[in-house]
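Participant: Can you read through this structure? Questions will come right after.
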Amino acid sequence: MTTLNLTGRILFLSADPDKVTAQLEGNDLSLTQAGPLRDDVSTDEITPIPVLAYYDERLGRYPYVGFKAGAHLPIGKDAVKNGGFSVTVAGKRFGKGSSREHSPVAERTAGIRLVIAESFERIYRQNADNVGLFTSTDFGLIERLQRGDPIDIEEIIASRDKLAAAILRHGGLLRYGQKRMRAISVGAVQRNVAPRTLAEKILERHLVKTDDVDADLQPGVGAFVRANWRFIHEYYTGMCTHMLHATFGKPVTLHEPQSIIAFEDHLSYSHRSPVHIAHGLMNDVRNLSDAHRAFVADYGVRSHGYLDGIEGREGGSQGISHAMMAERYALPGDVVVGTDSHTPHSGALGCVAFGVGTTDMANSMVTGAVRMTVPETLRIDLDGEIPPGVTAKDLILTLLAEPKIKAGAGVGKVFEFSGTAISQLSTDERTTLTNMTAELGGFTGIVAPDKETVRYLKERRGIEFQIEPWMCSDVGAQYADTIRIDCTTVTPMVAAPGDPGNGLALGTLKERVKLDIAYGGSCTAGKREDFDHYHEVLAWAAKQGLRVSPGVKLYLQFGTADVRDYCISKGYLAAFEQVGAELLQPACGACANCGPGSSTDAGQVTISAINRNFPGRSGPGQVWLASPPTVAASAIAGELLSYAELRERFSR
């Protein structure tokens, strides 16, 4: 049988920066000597934003350059490759966060062939499979590797599902697809009489058969589904095109290109991004845009790009992909996939929407089939009246702080949001819940369509949608677990820097943190209703004669051009400008460290309505997460403060 001869060194990603530095200086450690391993190493740390400018062998110079141990970034450029490492060892939830496939590609290109961790995030592990990087949770391999024992590949993949094992045997998904996916067909609908969840029903209708995979909905089984929509954005289009042409030649025949959408939503403000300017990345940004636009031109896929006439001089795109998918494309019962971890955003409409890596997208473009592992469903019951001043962001930060969630109960699962509080939330608010299942570690989030969904589709898209009887979970459907949130007890929340799971009630903070930056925007918090909240707070402040606190900069960035036009029609801009907010055209912006609102110094403190605050995610400073009204109120106060507290402090 084929073996992995891992003759290189083992790199332990220790929580102690001195232990990491010692390894880079040539000292080999045992697992015990390495001490506690870092948990929650995110893809933002494995390959920070500046690294995403590359999609070829240059990636091998950069793995782990954003890895944080204590207050230090001990791993520099070329350190892994020059150190002769072939194995990486880390703690829990390795690869959490962004779906960027640059991370496992960078590791593999630097010489890493095997990553051992206590647990892995779903998208990261699938991406690793797809590029032929082996992963394992077996720490017993470490001593054997240090003795120089060869490791049988079959031993490493024995615990994996049939499809993952087959992909790894072939050296990656595209090679597998070439040999094993020449004949695929939509699977017959399983007329299963057992009660099923809504997600199971949708997936059942989209399952396909291949040479190795039957149409099967058993949790944990590898499968392929046919997507109604596939979308990609400019950070990944160049890599995807490179993969397609290297594997299949040029041109390739795309499967149903009319259902592929290309977005330029990340980099339209890069000319005002401190990190892109400081690293001299503007030529690389232009190369990414050129590759993206060449793909659009060569293959005629529909595209949403920069705003007309801007071309990077002022900034702005037509809209952030996730928000536009909900505004214009996704429908109840659909399957939607995109090269971004926040693709579950559209699940608020009652569809199954999930993020995939670049190789998955490339394979789906030519075969029409998208790889997934059949998930279990976790039911989240949001019950009771939602108090005034509490938003969906507060609810999701509350859920993120739940002990079961922090222990990993949601990893890889569908989050089905239900309960009496759901009817109190608009579709915009529901998208905040489903969008942030990425932070919960989930496969996706979903809300069953109801009269609010019908209203949204009519108002936003002019669609007279009829909900079909099957579009709900059956009574008696099986759930992995049920978590109940008593919404009546929820108050405005914040998440302390470092992780969205660091949630705590704002009212419990005895010392209020002073701020330098306040940012309202992103796919999570740049929607119409989010701007209703920003306006409510800032219009009140303007009437009180208040402005943004001296020394604080407030940025408000529209999620889409439609949101901008809505704000103009409602007359919101006058209040925003009166208090001193800077308005930004639609783009991902500071959320992805790609524009104004990012910090430039480790000592800066930001309050932000974005979805994640991993180290380095939005600059080197400290990022607190909060709801749109809390962000706006804090910008006026100059410190963390809820809207209710602001009114109490400054009313006259």
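Naming scheme: A, B, ... for chains in displayed order of the structure tokens; residues 1 onward per chain; ligands 1 onward as shown.
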Wanna dump the segment 480-552 of chain A-segment 591-605 of chain A contacts at 7 Å for me, each residue with its shortest atom pair and the distance in Å to one decimal, counting only C-alpha atoms, ordered by chain and number, as CSV?
Facilitator:
```
residue,atom,partner,partner_atom,distance
A:Leu515,CA,A:Val605,CA,5.2
A:Asp516,CA,A:Val605,CA,5.4
A:Ile517,CA,A:Val605,CA,6.4
A:Tyr519,CA,A:Gly597,CA,6.0
A:Ser522,CA,A:Cys591,CA,6.1
```
Participant: For the selection you just gave me, I'd like the residues written to a file as an mmCIF file, in the first residue's frame, keeping N, CA and C atoms.
Facilitator:
```cif
data_model
loop_
_atom_site.group_PDB
_atom_site.id
_atom_site.type_symbol
_atom_site.label_atom_id
_atom_site.label_comp_id
_atom_site.auth_asym_id
_atom_site.auth_seq_id
_atom_site.Cartn_x
_atom_site.Cartn_y
_atom_site.Cartn_z
ATOM 1 N N LEU A 515 -12.731 54.113 22.532
ATOM 2 C CA LEU A 515 -12.670 53.699 21.133
ATOM 3 C C LEU A 515 -11.849 54.653 20.275
ATOM 4 N N ASP A 516 -11.357 54.098 19.163
ATOM 5 C CA ASP A 516 -10.711 54.888 18.125
ATOM 6 C C ASP A 516 -11.490 54.833 16.816
ATOM 7 N N ILE A 517 -12.114 53.682 16.550
ATOM 8 C CA ILE A 517 -12.803 53.454 15.281
ATOM 9 C C ILE A 517 -14.156 52.803 15.561
ATOM 10 N N TYR A 519 -17.233 51.006 13.104
ATOM 11 C CA TYR A 519 -17.499 50.596 11.720
ATOM 12 C C TYR A 519 -18.843 49.890 11.636
ATOM 13 N N SER A 522 -20.614 45.661 6.128
ATOM 14 C CA SER A 522 -20.370 44.245 5.833
ATOM 15 C C SER A 522 -21.663 43.554 5.429
#
```
Participant: In segment 380-595 of chain A, what's helix (DSSP H, G or I) per DSSP? Answer as a ChimeraX atom specification?
Facilitator: /A:392-400,403-406,422-424,427-435,437-440,451-461,487-489,506-508,522-525,528-543,561-570,573-579,589-592
Participant: Pick out the residues sitting within 9 Å of Gly97 of chain A, and hand them over as a PyMOL selection string; count only C-alpha atoms, and ignore anything fewer than 6 positions along from it in its own chain.
Facilitator: chain A and resi 41-44+121+123-124+341+438-439+441+612+614
Participant: Could those residues be written to a file, using N, CA and C atoms, as a tab-separated table (two decimals), in the first residue's frame?
Facilitator:
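result03.tsv, written as the output of this step:
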```
chain	number	residue	atom	x	y	z
A	41	VAL	N	-7.06	28.16	15.65
A	41	VAL	CA	-6.20	28.81	14.65
A	41	VAL	C	-7.03	29.01	13.39
A	42	SER	N	-7.25	30.27	13.03
A	42	SER	CA	-8.14	30.58	11.92
A	42	SER	C	-7.38	30.66	10.60
A	43	THR	N	-8.13	30.58	9.51
A	43	THR	CA	-7.51	30.75	8.20
A	43	THR	C	-7.03	32.18	8.00
A	44	ASP	N	-7.59	33.14	8.76
A	44	ASP	CA	-7.05	34.50	8.73
A	44	ASP	C	-5.62	34.53	9.26
A	121	GLU	N	-12.18	22.56	11.36
A	121	GLU	CA	-13.36	23.20	10.81
A	121	GLU	C	-13.72	22.54	9.48
A	123	ILE	N	-14.96	23.47	6.42
A	123	ILE	CA	-14.51	23.93	5.11
A	123	ILE	C	-13.01	23.74	4.96
A	124	TYR	N	-12.26	24.05	6.03
A	124	TYR	CA	-10.80	23.87	5.94
A	124	TYR	C	-10.45	22.42	5.60
A	341	SER	N	-17.20	31.72	3.31
A	341	SER	CA	-17.81	31.03	4.44
A	341	SER	C	-19.15	31.64	4.86
A	438	ALA	N	-21.41	30.70	10.11
A	438	ALA	CA	-19.98	30.51	9.83
A	438	ALA	C	-19.18	30.62	11.12
A	439	GLU	N	-19.51	31.61	11.97
A	439	GLU	CA	-18.82	31.77	13.24
A	439	GLU	C	-19.19	30.68	14.23
A	441	GLY	N	-19.48	27.72	13.45
A	441	GLY	CA	-18.84	26.50	12.98
A	441	GLY	C	-19.75	25.62	12.17
A	612	ARG	N	-16.83	38.77	12.43
A	612	ARG	CA	-15.76	38.05	13.14
A	612	ARG	C	-14.63	39.01	13.51
A	614	PHE	N	-11.36	37.75	14.66
A	614	PHE	CA	-10.14	36.97	14.85
A	614	PHE	C	-8.92	37.88	14.79
```
Participant: Got a sec: who's within 8 Å of segment 392-400 of chain A, counting only C-alpha atoms, leaving out chain neighbours fewer than 3 positions off, as a ChimeraX atom specification?
Facilitator: /A:405-406,425,429-430,432-433,436,439-440,485,487,490-495,500-504,626-627
Participant: Determine, counting only C-alpha atoms, which protein, DNA and RNA residues have an atom within 12 Å of an atom of Gly305 of chain A; residues of the same chain fewer than 2 positions away are not included. Present the result as a ChimeraX atom specification.
Facilitator: /A:232-234,261-268,289-290,292-293,296,302-303,307-312,315-321,324,560-561,586-587
Participant: Determine which residues of segment 134-321 of chain A DSSP labels as strand (DSSP E) from the backbone of this structure, then write them out as number ranges by chain.
Facilitator: A: 134-136, 151-152, 185-186, 207-209, 222-226, 229-233, 260-263, 302-304
Participant: Show me, as a ChimeraX atom specification, the residues that have an atom within 8 Å of Ser346 of chain A when counting only C-alpha atoms, minus same-chain residues fewer than 5 positions from it.
Facilitator: /A:322-323,325-326,330,336,351-353,431,434-435
Participant: Emit the selected residues as a short mmCIF file (atom, residue, chain, number, x, y, z; two decimals), in the first residue's frame, including C-alpha atoms.
Facilitator:
```cif
data_model
loop_
_atom_site.label_atom_id
_atom_site.label_comp_id
_atom_site.auth_asym_id
_atom_site.auth_seq_id
_atom_site.Cartn_x
_atom_site.Cartn_y
_atom_site.Cartn_z
CA HIS A 322 -24.05 37.41 0.04
CA ALA A 323 -26.42 40.34 0.31
CA MET A 325 -27.68 36.68 -3.56
CA ALA A 326 -30.53 37.22 -1.08
CA ALA A 330 -31.87 32.79 -3.97
CA VAL A 336 -26.67 27.96 -3.24
CA CYS A 351 -32.68 27.50 1.08
CA VAL A 352 -29.53 25.48 1.76
CA ALA A 353 -26.61 27.82 1.15
CA THR A 431 -29.88 36.80 7.42
CA THR A 434 -27.84 32.45 9.08
CA ASN A 435 -24.81 34.46 7.91
#
```
Participant: I'd like the contact shell of Lys162 of chain A - 12 Å cut-off, only C-alpha atoms, skipping same-chain residues fewer than 5 positions apart - returned as a list in words.
Facilitator: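 Selected residues are Glu154, Ile157, Ile167, Leu168, Arg169, Asp211, Asp212, Val213, Asp214, Gly220, Val221, Gly222, Ala223 and Thr373 of chain A.
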Participant: Residues of the last selection are to be written out with C-alpha atoms, as a JSON list (two decimals), in the first residue's frame.
Facilitator:
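Writing done, so here's selection.json:
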```json
[["chain", "number", "residue", "atom", "x", "y", "z"],
["A", 154, "GLU", "CA", -5.01, 3.93, 4.31],
["A", 157, "ILE", "CA", -8.00, 7.96, 5.74],
["A", 167, "ILE", "CA", -10.39, 12.00, -3.23],
["A", 168, "LEU", "CA", -7.26, 11.71, -1.10],
["A", 169, "ARG", "CA", -6.19, 8.51, -2.85],
["A", 211, "ASP", "CA", -19.31, 6.33, -9.69],
["A", 212, "ASP", "CA", -18.49, 6.28, -5.96],
["A", 213, "VAL", "CA", -21.44, 7.99, -4.31],
["A", 214, "ASP", "CA", -25.08, 7.01, -4.24],
["A", 220, "GLY", "CA", -21.38, 11.98, 7.83],
["A", 221, "VAL", "CA", -21.50, 10.49, 4.33],
["A", 222, "GLY", "CA", -19.73, 12.27, 1.50],
["A", 223, "ALA", "CA", -22.07, 13.38, -1.27],
["A", 373, "THR", "CA", -20.56, 15.92, 3.76]]
```
Participant: Of the residues A:Arg328, A:Lys570, A:Lys553, A:Lys68, which is the one nearest to Thr606 of chain A, using only C-alpha atoms?
Facilitator: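 For Thr606 of chain A, the nearest of the given residues is A:Lys553.
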Participant: My list of candidates is A:Gly368, A:Gly551, A:Pro17, A:Gly476. Which is closest to Met181 of chain A when distances are computed with only C-alpha atoms?
Facilitator: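 The answer is A:Gly368, which sits nearest to Met181 of chain A.
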